[in-house]
>>> print(open('start.txt').read())   # compact mmCIF, C-alpha atoms
# COMPACT_ATOMS: atom_id res chain seq x y z
CA MET A 574 -52.29 45.89 347.89
CA THR A 575 -52.49 46.05 344.06
CA THR A 576 -51.36 49.37 342.60
CA LEU A 577 -52.54 50.95 339.36
CA THR A 578 -49.17 50.16 337.82
CA ASP A 579 -49.47 46.51 338.83
CA SER A 580 -52.97 46.32 337.37
CA SER A 581 -51.78 47.83 334.10
CA LEU A 582 -48.95 45.32 333.89
CA ASN A 583 -51.33 42.44 334.58
CA ALA A 584 -53.67 43.68 331.84
CA THR A 585 -50.96 44.16 329.24
CA THR A 586 -49.07 40.91 329.88
CA PRO A 587 -51.45 38.72 327.81
CA ILE A 588 -51.37 41.29 324.99
CA LEU A 589 -47.57 41.32 324.96
CA ARG A 590 -47.42 37.52 325.10
CA ARG A 591 -49.86 37.19 322.22
CA GLY A 592 -47.97 39.75 320.19
CA VAL A 593 -44.80 37.72 320.69
CA LEU A 594 -46.64 34.56 319.61
CA VAL A 595 -47.82 36.17 316.37
CA LEU A 596 -44.33 37.44 315.60
CA ALA A 597 -42.88 34.01 316.39
CA GLY A 598 -45.28 32.38 313.92
CA PHE A 599 -44.27 34.77 311.15
CA ALA A 600 -40.60 34.30 312.04
CA VAL A 601 -40.79 30.51 311.78
CA VAL A 602 -42.47 30.69 308.37
CA PHE A 603 -39.95 33.29 307.15
CA ALA A 604 -37.04 31.15 308.39
CA ALA A 605 -38.35 28.09 306.51
CA ALA A 606 -38.78 30.13 303.34
CA LEU A 607 -35.28 31.55 303.71
CA LEU A 608 -33.66 28.16 304.34
CA ALA A 609 -35.61 25.99 301.90
CA GLY A 610 -37.51 28.27 299.52
CA GLY A 611 -40.78 30.15 299.30
CA ARG A 612 -42.92 27.12 298.43
CA PHE A 613 -41.71 25.29 301.54
CA GLY A 614 -42.29 28.33 303.72
CA LEU A 615 -45.84 28.46 302.37
CA MET A 616 -46.34 24.78 303.21
CA LEU A 617 -45.28 25.45 306.79
CA ALA A 618 -47.77 28.33 306.90
CA ILE A 619 -50.50 25.97 305.66
CA GLY A 620 -49.54 23.53 308.42
CA LEU A 621 -49.82 26.34 310.96
CA GLY A 622 -53.28 27.06 309.58
CA PHE A 623 -54.29 23.42 310.05
CA GLY A 624 -53.02 23.44 313.64
CA ILE A 625 -54.71 26.74 314.52
CA VAL A 626 -58.07 25.60 313.12
CA LEU A 627 -57.92 22.13 314.68
CA GLU A 628 -56.98 23.38 318.15
CA GLY A 629 -58.59 26.80 318.04
CA LEU A 630 -62.02 25.62 316.88
CA ARG A 631 -61.82 22.21 318.55
CA PHE A 632 -62.19 20.31 315.28
CA GLY A 633 -61.08 16.69 315.52
CA PHE A 634 -61.60 13.21 314.16
CA ALA A 635 -61.28 10.72 317.03
CA GLY A 636 -63.42 12.70 319.48
CA PRO A 637 -66.45 13.07 317.18
CA TRP A 638 -66.39 9.37 316.38
CA ARG A 639 -66.38 8.67 320.12
CA ALA A 640 -69.30 11.09 320.59
CA MET A 641 -71.31 9.23 317.95
CA ILE A 642 -70.54 5.83 319.45
CA LEU A 643 -71.30 6.80 323.06
CA ARG A 644 -73.98 9.49 322.73
CA ARG A 645 -75.18 9.25 319.12
CA ASP A 646 -74.02 12.84 318.62
CA PRO A 647 -73.09 13.20 314.92
CA ALA A 648 -72.17 16.91 314.85
CA GLY A 649 -68.41 16.38 314.63
CA ILE A 650 -68.73 13.75 311.89
CA TRP A 651 -71.11 16.00 309.95
CA ALA A 652 -68.42 18.68 310.06
CA GLN A 653 -65.87 16.19 308.74
CA LEU A 654 -68.22 15.18 305.91
CA LEU A 655 -68.86 18.85 305.09
CA ALA A 656 -65.13 19.57 304.85
CA ILE A 657 -64.57 16.50 302.68
CA GLY A 658 -67.43 17.51 300.39
CA LEU A 659 -66.08 21.04 299.95
CA VAL A 660 -62.62 19.71 299.06
CA THR A 661 -64.18 17.20 296.64
CA LEU A 662 -65.95 19.97 294.72
CA VAL A 663 -62.60 21.61 293.97
CA ALA A 664 -60.03 18.80 294.10
CA LEU A 665 -61.53 16.20 291.76
CA PRO A 666 -62.08 18.58 288.81
CA MET A 667 -58.60 20.08 289.32
CA ILE A 668 -56.92 16.67 289.42
CA SER A 669 -58.77 15.58 286.27
CA ALA A 670 -57.70 18.75 284.45
CA GLY A 671 -54.19 18.82 285.88
CA SER A 672 -52.42 16.54 283.36
CA GLY A 673 -50.62 14.72 286.16
CA GLU A 674 -49.42 17.86 287.96
CA LEU A 675 -51.80 17.14 290.83
CA VAL A 676 -52.24 13.66 292.31
CA GLY A 677 -54.87 12.20 294.61
CA ALA A 678 -54.50 10.04 297.71
CA GLU A 679 -54.99 6.82 295.76
CA ALA A 680 -54.37 3.36 297.21
CA PRO A 681 -55.62 -0.21 296.69
CA VAL A 682 -58.11 -1.98 298.91
CA GLY A 683 -56.61 -5.14 300.37
CA PHE A 684 -56.52 -7.42 303.40
CA ALA A 685 -53.73 -5.52 305.12
CA MET A 686 -55.36 -2.17 304.35
CA ILE A 687 -58.66 -3.17 305.96
CA ALA A 688 -56.99 -4.75 308.99
CA GLY A 689 -54.72 -1.73 309.38
CA ALA A 690 -57.68 0.67 309.32
CA PHE A 691 -59.53 -1.41 311.92
CA ILE A 692 -56.53 -1.46 314.27
CA PHE A 693 -55.94 2.25 313.73
CA GLY A 694 -59.55 3.01 314.64
CA ALA A 695 -59.18 1.10 317.91
CA ALA A 696 -55.79 2.58 318.79
CA MET A 697 -56.86 6.18 318.14
CA GLN A 698 -59.68 5.82 320.67
CA VAL A 699 -57.21 4.50 323.24
CA VAL A 700 -55.11 7.70 323.06
CA LEU A 701 -58.00 9.94 321.92
CA GLY A 702 -56.09 11.12 318.87
CA CYS A 703 -55.67 10.14 315.22
CA GLY A 704 -52.68 11.32 313.18
CA SER A 705 -53.50 15.02 313.18
CA GLY A 706 -55.10 14.71 316.63
CA THR A 707 -51.94 13.29 318.18
CA LEU A 708 -49.94 16.16 316.68
CA VAL A 709 -52.46 18.74 317.95
CA ASN A 710 -52.65 17.19 321.40
CA ALA A 711 -48.86 17.03 321.67
CA GLY A 712 -48.58 20.67 320.62
CA SER A 713 -51.11 21.73 323.26
CA GLY A 714 -49.28 19.88 326.02
CA ASN A 715 -51.29 16.67 326.39
CA ALA A 716 -49.05 14.19 328.24
CA VAL A 717 -50.54 11.02 326.69
CA ALA A 718 -50.05 12.43 323.18
CA LEU A 719 -46.48 13.48 323.98
CA ILE A 720 -45.76 9.89 325.00
CA ALA A 721 -47.58 8.37 322.01
CA LEU A 722 -46.16 10.65 319.28
CA PRO A 723 -42.57 9.32 319.09
CA PHE A 724 -43.86 5.74 319.07
CA PHE A 725 -46.32 6.74 316.34
CA ALA A 726 -43.32 7.83 314.26
CA ILE A 727 -41.43 4.61 314.99
CA GLY A 728 -44.50 2.55 314.11
CA SER A 729 -44.95 4.44 310.84
CA PHE A 730 -41.32 3.77 309.94
CA ALA A 731 -41.66 0.06 310.78
CA GLY A 732 -44.96 -0.29 308.92
CA ALA A 733 -43.45 1.28 305.81
CA TYR A 734 -40.42 -1.01 306.15
CA HIS A 735 -42.70 -4.09 305.95
CA LEU A 736 -45.36 -2.58 303.66
CA ILE A 737 -44.58 -4.54 300.50
CA TRP A 738 -44.75 -7.86 302.37
CA TRP A 739 -48.19 -6.95 303.67
CA THR A 740 -49.56 -5.73 300.33
CA ASP A 741 -48.38 -8.96 298.69
CA LEU A 742 -51.02 -10.78 300.77
CA GLY A 743 -53.57 -9.55 298.27
CA ALA A 744 -55.10 -6.31 297.09
CA LEU A 745 -57.42 -5.05 294.39
CA PRO A 746 -56.22 -2.66 291.70
CA ILE A 747 -56.61 1.00 292.61
CA ILE A 748 -60.21 2.05 292.04
CA LYS A 749 -60.92 5.76 291.81
CA PHE A 750 -63.68 8.18 290.90
CA SER A 751 -62.74 11.13 288.73
CA GLY A 752 -64.11 14.29 287.19
CA TRP A 753 -67.60 15.60 287.78
CA GLN A 754 -69.00 12.08 287.81
CA GLY A 755 -66.69 11.36 290.73
CA VAL A 756 -67.85 14.56 292.42
CA ALA A 757 -71.49 13.51 292.09
CA LEU A 758 -70.86 9.98 293.41
CA THR A 759 -68.77 11.25 296.32
CA LEU A 760 -71.27 13.92 297.36
CA LEU A 761 -74.08 11.38 297.12
CA GLY A 762 -72.16 9.01 299.39
CA LEU A 763 -71.39 11.76 301.90
CA ALA A 764 -75.03 12.85 301.91
CA ALA A 765 -76.18 9.27 302.49
CA ILE A 766 -73.89 8.91 305.51
CA ALA A 767 -75.00 12.29 306.87
CA GLY A 768 -78.64 11.23 306.48
CA LEU A 769 -78.04 7.92 308.25
CA LEU A 770 -76.37 9.73 311.15
CA TRP A 771 -79.31 12.17 311.34
CA LYS A 772 -81.70 9.23 311.58
CA LEU A 773 -79.65 7.57 314.34
CA ALA A 774 -79.22 10.77 316.37
CA PRO A 775 -81.74 11.80 319.04
CA PRO A 776 -83.56 15.11 318.34
CA GLU A 777 -81.39 17.14 320.74
CA HIS A 778 -78.26 16.26 318.74
CA ARG A 779 -79.64 17.01 315.26
CA ARG A 780 -77.79 20.28 314.80
CA LEU A 781 -74.40 21.38 313.51
CA PRO A 782 -72.84 24.16 315.64
CA ARG A 783 -71.66 27.28 313.84
CA ARG A 784 -68.15 26.75 315.22
CA LEU A 785 -67.86 23.43 313.41
CA ILE A 786 -69.20 24.86 310.15
CA ILE A 787 -66.52 27.58 310.25
CA ALA A 788 -63.87 24.99 311.09
CA ALA A 789 -64.95 22.73 308.22
CA VAL A 790 -64.81 25.57 305.70
CA LEU A 791 -61.38 26.73 306.88
CA LEU A 792 -59.99 23.19 306.98
CA ALA A 793 -61.24 22.57 303.44
CA ALA A 794 -59.60 25.80 302.27
CA PHE A 795 -56.24 24.80 303.75
CA ALA A 796 -56.56 21.28 302.29
CA ILE A 797 -57.15 22.75 298.82
CA LEU A 798 -54.14 25.05 299.29
CA ASN A 799 -52.11 21.99 300.32
CA LEU A 800 -53.06 20.26 297.07
CA LEU A 801 -52.25 23.30 294.94
CA VAL A 802 -48.89 24.10 296.55
CA ALA A 803 -47.59 20.56 297.13
CA GLY A 804 -49.28 18.90 294.16
CA GLN A 805 -50.53 16.21 296.56
CA PRO A 806 -53.30 15.98 299.17
CA TRP A 807 -52.92 16.64 302.88
CA GLY A 808 -51.28 13.75 304.70
CA VAL A 809 -49.67 13.02 308.06
CA VAL A 810 -48.31 9.48 308.39
CA TYR A 811 -45.49 9.56 305.84
CA GLY A 812 -43.85 12.57 307.48
CA LEU A 813 -43.78 10.89 310.89
CA GLY A 814 -42.25 7.72 309.45
CA LEU A 815 -39.66 9.79 307.62
CA TRP A 816 -38.52 11.38 310.90
CA ALA A 817 -37.93 7.95 312.42
CA ALA A 818 -36.24 6.72 309.24
CA LYS A 819 -33.88 9.70 309.30
CA ALA A 820 -33.05 8.96 312.93
CA ALA A 821 -32.43 5.29 312.15
CA SER A 822 -30.26 6.18 309.16
CA ALA A 823 -28.27 8.70 311.20
CA ALA A 824 -27.69 5.99 313.81
CA GLY A 825 -26.15 3.76 311.14
CA ALA A 826 -29.10 1.49 310.33
CA ASP A 827 -29.07 -0.16 306.89
CA LEU A 828 -32.44 0.47 305.22
CA SER A 829 -31.58 -1.29 301.96
CA GLY A 830 -33.60 -4.32 303.05
CA SER A 831 -36.82 -2.34 302.75
CA ALA A 832 -38.29 -1.86 299.27
CA PHE A 833 -40.11 1.20 300.60
CA TRP A 834 -37.21 3.05 302.23
CA SER A 835 -34.72 2.08 299.51
CA ALA A 836 -36.97 3.39 296.71
CA PRO A 837 -35.49 6.41 294.86
CA GLY A 838 -38.09 8.86 296.20
CA SER A 839 -37.56 7.78 299.80
CA LEU A 840 -33.78 7.84 299.42
CA ASP A 841 -33.96 11.44 298.19
CA ARG A 842 -36.06 12.48 301.16
CA LEU A 843 -33.75 10.68 303.57
CA LYS A 844 -30.80 12.64 302.18
CA ASN A 845 -32.53 16.01 302.07
CA SER A 846 -33.72 18.30 304.86
CA ILE A 847 -37.17 17.72 306.35
CA LEU A 848 -37.79 21.35 305.39
CA THR A 849 -38.11 20.10 301.80
CA ASP A 850 -40.66 17.40 302.65
CA TYR A 851 -44.21 18.71 302.33
CA THR A 852 -45.79 16.30 304.81
CA SER A 853 -43.12 16.99 307.43
CA LEU A 854 -43.70 20.71 307.06
CA THR A 855 -47.45 20.49 307.57
CA ASN A 856 -46.92 18.15 310.54
CA ILE A 857 -44.51 20.61 312.14
CA GLY A 858 -46.95 23.40 311.38
CA ILE A 859 -49.81 21.52 313.08
CA VAL A 860 -47.79 21.06 316.27
CA LEU A 861 -46.67 24.70 316.26
CA GLY A 862 -50.17 25.96 315.42
CA ALA A 863 -51.68 24.00 318.30
CA PHE A 864 -48.93 25.28 320.59
CA LEU A 865 -49.61 28.89 319.56
CA VAL A 866 -53.34 28.53 320.25
CA ALA A 867 -52.76 26.81 323.59
CA SER A 868 -50.27 29.52 324.57
CA TRP A 869 -52.72 32.22 323.47
CA ARG A 870 -55.35 30.95 325.89
CA VAL A 871 -54.99 31.95 329.53
CA GLY A 872 -53.73 28.85 331.31
CA GLY A 873 -53.77 26.90 328.05
CA LEU A 874 -50.47 25.13 328.68
CA SER A 875 -50.95 24.62 332.41
CA GLN A 876 -52.33 21.09 332.17
CA LYS A 877 -51.35 18.93 335.10
CA LEU A 878 -49.70 15.59 334.48
CA PRO A 879 -52.54 13.05 334.75
CA ARG A 880 -52.25 10.58 337.59
CA LEU A 881 -52.53 7.39 335.59
CA PRO A 882 -51.42 3.86 336.55
CA VAL A 883 -48.45 2.23 334.84
CA LEU A 884 -50.78 0.15 332.67
CA ALA A 885 -52.24 3.32 331.13
CA TRP A 886 -48.82 4.70 330.17
CA ILE A 887 -47.82 1.35 328.66
CA ALA A 888 -51.10 1.35 326.73
CA ALA A 889 -50.31 4.84 325.37
CA ILE A 890 -46.91 3.63 324.14
CA VAL A 891 -48.29 0.47 322.51
CA ALA A 892 -51.24 2.35 320.99
CA GLY A 893 -48.88 5.01 319.63
CA PHE A 894 -46.78 2.36 317.89
CA LEU A 895 -49.90 0.63 316.52
CA LEU A 896 -51.22 3.95 315.22
CA GLY A 897 -48.07 4.37 313.15
CA TYR A 898 -47.72 0.77 311.99
CA SER A 899 -51.38 0.21 311.12
CA SER A 900 -51.78 3.53 309.33
CA ARG A 901 -48.92 2.65 307.00
CA LEU A 902 -50.61 -0.64 306.10
CA ALA A 903 -53.90 1.23 305.64
CA PHE A 904 -52.28 3.87 303.40
CA GLY A 905 -53.06 6.71 305.77
CA CYS A 906 -54.90 7.89 308.85
CA ASN A 907 -58.08 9.93 309.22
CA VAL A 908 -56.35 12.62 307.18
CA GLY A 909 -54.45 10.78 304.44
CA ALA A 910 -56.94 7.92 303.92
CA PHE A 911 -60.35 9.12 305.11
CA PHE A 912 -60.27 12.88 304.47
CA SER A 913 -57.92 13.05 301.49
CA GLY A 914 -58.73 9.59 300.11
CA ILE A 915 -62.45 10.25 299.79
CA SER A 916 -62.09 13.88 298.68
CA THR A 917 -59.72 12.93 295.85
CA GLY A 918 -61.78 10.00 294.61
CA SER A 919 -60.12 6.86 296.01
CA LEU A 920 -62.36 3.91 296.91
CA HIS A 921 -59.98 2.92 299.68
CA GLY A 922 -61.00 6.05 301.63
CA TRP A 923 -64.57 4.75 301.94
CA VAL A 924 -63.43 1.25 302.95
CA TRP A 925 -60.97 2.79 305.41
CA PHE A 926 -63.80 4.79 307.01
CA ALA A 927 -65.97 1.69 307.53
CA ALA A 928 -63.13 -0.44 308.93
CA ALA A 929 -61.72 2.30 311.17
CA PHE A 930 -65.15 3.18 312.59
CA ALA A 931 -65.72 -0.49 313.43
CA GLY A 932 -62.32 -0.51 315.17
CA SER A 933 -63.24 2.64 317.06
CA ILE A 934 -66.23 0.90 318.63
CA TYR A 935 -63.84 -1.57 320.23
CA GLY A 936 -61.29 1.12 321.06
CA VAL A 937 -63.88 3.05 323.06
CA ARG A 938 -64.48 -0.08 325.13
CA LEU A 939 -60.75 -0.72 325.57
CA ARG A 940 -59.96 2.70 327.04
CA PRO A 941 -61.44 2.12 330.53
CA LEU A 942 -60.05 -1.42 330.61
CA LEU A 943 -56.57 0.05 330.08
CA LYS A 944 -57.10 2.46 333.01
CA LEU A 945 -57.06 5.55 330.80
CA GLU A 946 -60.43 6.60 332.20
CA PRO A 947 -62.80 5.40 334.92
CA LYS A 948 -65.08 2.51 334.09
CA PRO A 949 -68.67 3.62 333.42
>>> encode(input="start.txt", output="structure tokens")
Amino acid sequence: MTTLTDSSLNATTPILRRGVLVLAGFAVVFAAALLAGGRFGLMLAIGLGFGIVLEGLRFGFAGPWRAMILRRDPAGIWAQLLAIGLVTLVALPMISAGSGELVGAEAPVGFAMIAGAFIFGAAMQVVLGCGSGTLVNAGSGNAVALIALPFFAIGSFAGAYHLIWWTDLGALPIIKFSGWQGVALTLLGLAAIAGLLWKLAPPEHRRLPRRLIIAAVLLAAFAILNLLVAGQPWGVVYGLGLWAAKAASAAGADLSGSAFWSAPGSLDRLKNSILTDYTSLTNIGIVLGAFLVASWRVGGLSQKLPRLPVLAWIAAIVAGFLLGYSSRLAFGCNVGAFFSGISTGSLHGWVWFAAAFAGSIYGVRLRPLLKLEPKP
């Protein structure tokens, strides 16, 4: 028989747990600020914001692309385009007026970049997570993401190790759009894609839920804060590769054979704490933010281990490695190349989007073949 006291305890337990979670979030940010400095603590807080929005409002990149491919439901992609457009309105004028203090996510278009984006698009549909999505899914307890994430980091490290060899195969000079002219061109391009998706969508899917509008606005705000505080756009892939490079270096590996990892900037980051690397801090924040949201929900971390065949787990490992390797060749993932590339005026962001979406079409078909879901 349940007593009044027992009922009171049952009612207050979630409140106490959530209070502890809030305090833990503040404590982690305070600890980072104390150990590394206020700017780095703020970057961790921004990462927490990304994670909370992505998990809390169910905003993603891989899932909406899958929804468009399978059901012609463009809502999630519209939200992505809205967030990119909002960042563009602020980021491009600031970068143009910043006298080099702020930099965009600029990269050249080349053979390796296009191939890397295509492979990334396929691999992210296999594990149902891009760069930020894999971090969010791992933080919320998804077993496939937890398996894929370390191999994502290893792949990012390996891709960076070989990056110069791949770019030497041929690439155009960096082409970018700047200032208010760049804003106009970018917004026009985003509007054209949104219009095309509207035309392709059936009438029942021609709406953008309020939840996704809120998520897009919040994500754009955190992305702008990221640019202001770090002086660079939001990214994911470099931080993951850095973690693997630090592990390799600590194990005695000689990284002098890589032009990327032996460059002065990379050497400095290898020597210093990850608490002084902006991308690492936002990545950590995303994982922790997703964990906080999942813990906040009743039963949020009680996911059962999926009963998948061996082939599916092997596919998750291989796809995780390919996510890391291909995203380095493509100069970023859905965040660093697509979201930040387009919003800060780099042509490669648009090319990345086209190549990765084409890869996603094949990735959606691969997933049931690899036993990660039942065949339709």
>>> closest_residue(input="start.txt", among="A:Tyr898, A:Trp923, A:Phe623, A:Phe833", to="Tyr734 (chain A)", atoms="only C-alpha atoms")
A:Phe833
>>> closest_residue(input="start.txt", among="A:Ala731, A:Ile747, A:Ala604, A:Ile890", to="Gly922 (chain A)", atoms="only C-alpha atoms")
A:Ile747
>>> atom_distance(input="start.txt", atom1="CA of Arg938 (chain A)", atom2="CA of Ala726 (chain A)")
25.1 Å
>>> axis_aligned_box(input="start.txt", around="region 803-818 of chain A", padding_each_side="4 Å", output="lines of an AutoDock Vina configuration file")
center_x = -44.8
center_y = 13.6
center_z = 303.3
size_x = 25.1
size_y = 21.8
size_z = 26.3
>>> closest_residue(input="start.txt", among="A:Ala733, A:Leu615, A:Ile857, A:Ala863", to="Ser839 (chain A)", atoms="all atoms listed in the file")
A:Ala733
>>> closest_residue(input="start.txt", among="A:Leu854, A:Ala688, A:Ala910, A:Leu902", to="Ala605 (chain A)", atoms="only C-alpha atoms")
A:Leu854
>>> residues_around(input="start.txt", residues="region 778-783 of chain A", least_positions_apart="3", cutoff="10 Å", atoms="only C-alpha atoms", output="JSON, numbers by chain")
{"A": [641, 644, 645, 646, 647, 648, 649, 650, 651, 652, 770, 771, 772, 773, 774, 775, 786, 787, 788, 789]}
>>> atom_distance(input="start.txt", atom1="CA of Gly814 (chain A)", atom2="CA of Leu659 (chain A)")
28.9 Å
>>> atom_distance(input="start.txt", atom1="CA of Leu920 (chain A)", atom2="CA of Ala803 (chain A)")
22.3 Å
>>> residues_around(input="start.txt", residues="Ile797 (chain A)", least_positions_apart="4", cutoff="8 Å", atoms="only C-alpha atoms", output="list in words")
Val660, Val663, Ala664, Ala793, Leu801 and Pro806 of chain A
>>> closest_residue(input="start.txt", among="A:Gly598, A:Gly858, A:Pro941, A:Gly611", to="Gly812 (chain A)", atoms="all atoms listed in the file")
A:Gly858
>>> closest_residue(input="start.txt", among="A:Ala767, A:Leu815, A:Val682, A:Ala695", to="Asp841 (chain A)", atoms="all atoms listed in the file")
A:Leu815
>>> residues_around(input="start.txt", residues="Gly673 (chain A)", least_positions_apart="4", cutoff="12 Å", atoms="only C-alpha atoms", output="PyMOL selection string")
chain A and resi 667-669+677+804-805
>>> decode(input="start.txt", residues="region 745-756 of chain A", atoms="N, CA and C atoms", output="compact mmCIF listing (two decimals), in the first residue's frame")
# COMPACT_ATOMS: atom_id res chain seq x y z
N LEU A 745 39.77 23.82 -56.81
CA LEU A 745 39.65 25.22 -57.23
C LEU A 745 40.16 26.14 -56.13
N PRO A 746 40.47 27.37 -56.45
CA PRO A 746 40.75 28.34 -55.37
C PRO A 746 39.49 28.53 -54.52
N ILE A 747 39.67 28.99 -53.31
CA ILE A 747 38.52 29.24 -52.44
C ILE A 747 37.66 30.34 -53.05
N ILE A 748 36.38 30.05 -53.19
CA ILE A 748 35.42 31.02 -53.73
C ILE A 748 34.42 31.35 -52.63
N LYS A 749 34.28 32.63 -52.34
CA LYS A 749 33.39 33.01 -51.23
C LYS A 749 32.56 34.23 -51.60
N PHE A 750 31.43 34.34 -50.91
CA PHE A 750 30.54 35.48 -51.07
C PHE A 750 30.65 36.32 -49.80
N SER A 751 30.75 37.62 -49.95
CA SER A 751 30.98 38.46 -48.77
C SER A 751 30.06 39.67 -48.75
N GLY A 752 29.98 40.27 -47.58
CA GLY A 752 29.20 41.49 -47.41
C GLY A 752 27.73 41.29 -47.68
N TRP A 753 27.04 42.42 -47.91
CA TRP A 753 25.60 42.35 -48.13
C TRP A 753 25.25 41.72 -49.46
N GLN A 754 26.15 41.80 -50.43
CA GLN A 754 25.92 41.09 -51.69
C GLN A 754 25.91 39.58 -51.44
N GLY A 755 26.83 39.12 -50.60
CA GLY A 755 26.87 37.71 -50.23
C GLY A 755 25.61 37.30 -49.49
N VAL A 756 25.13 38.19 -48.61
CA VAL A 756 23.88 37.91 -47.88
C VAL A 756 22.74 37.71 -48.87
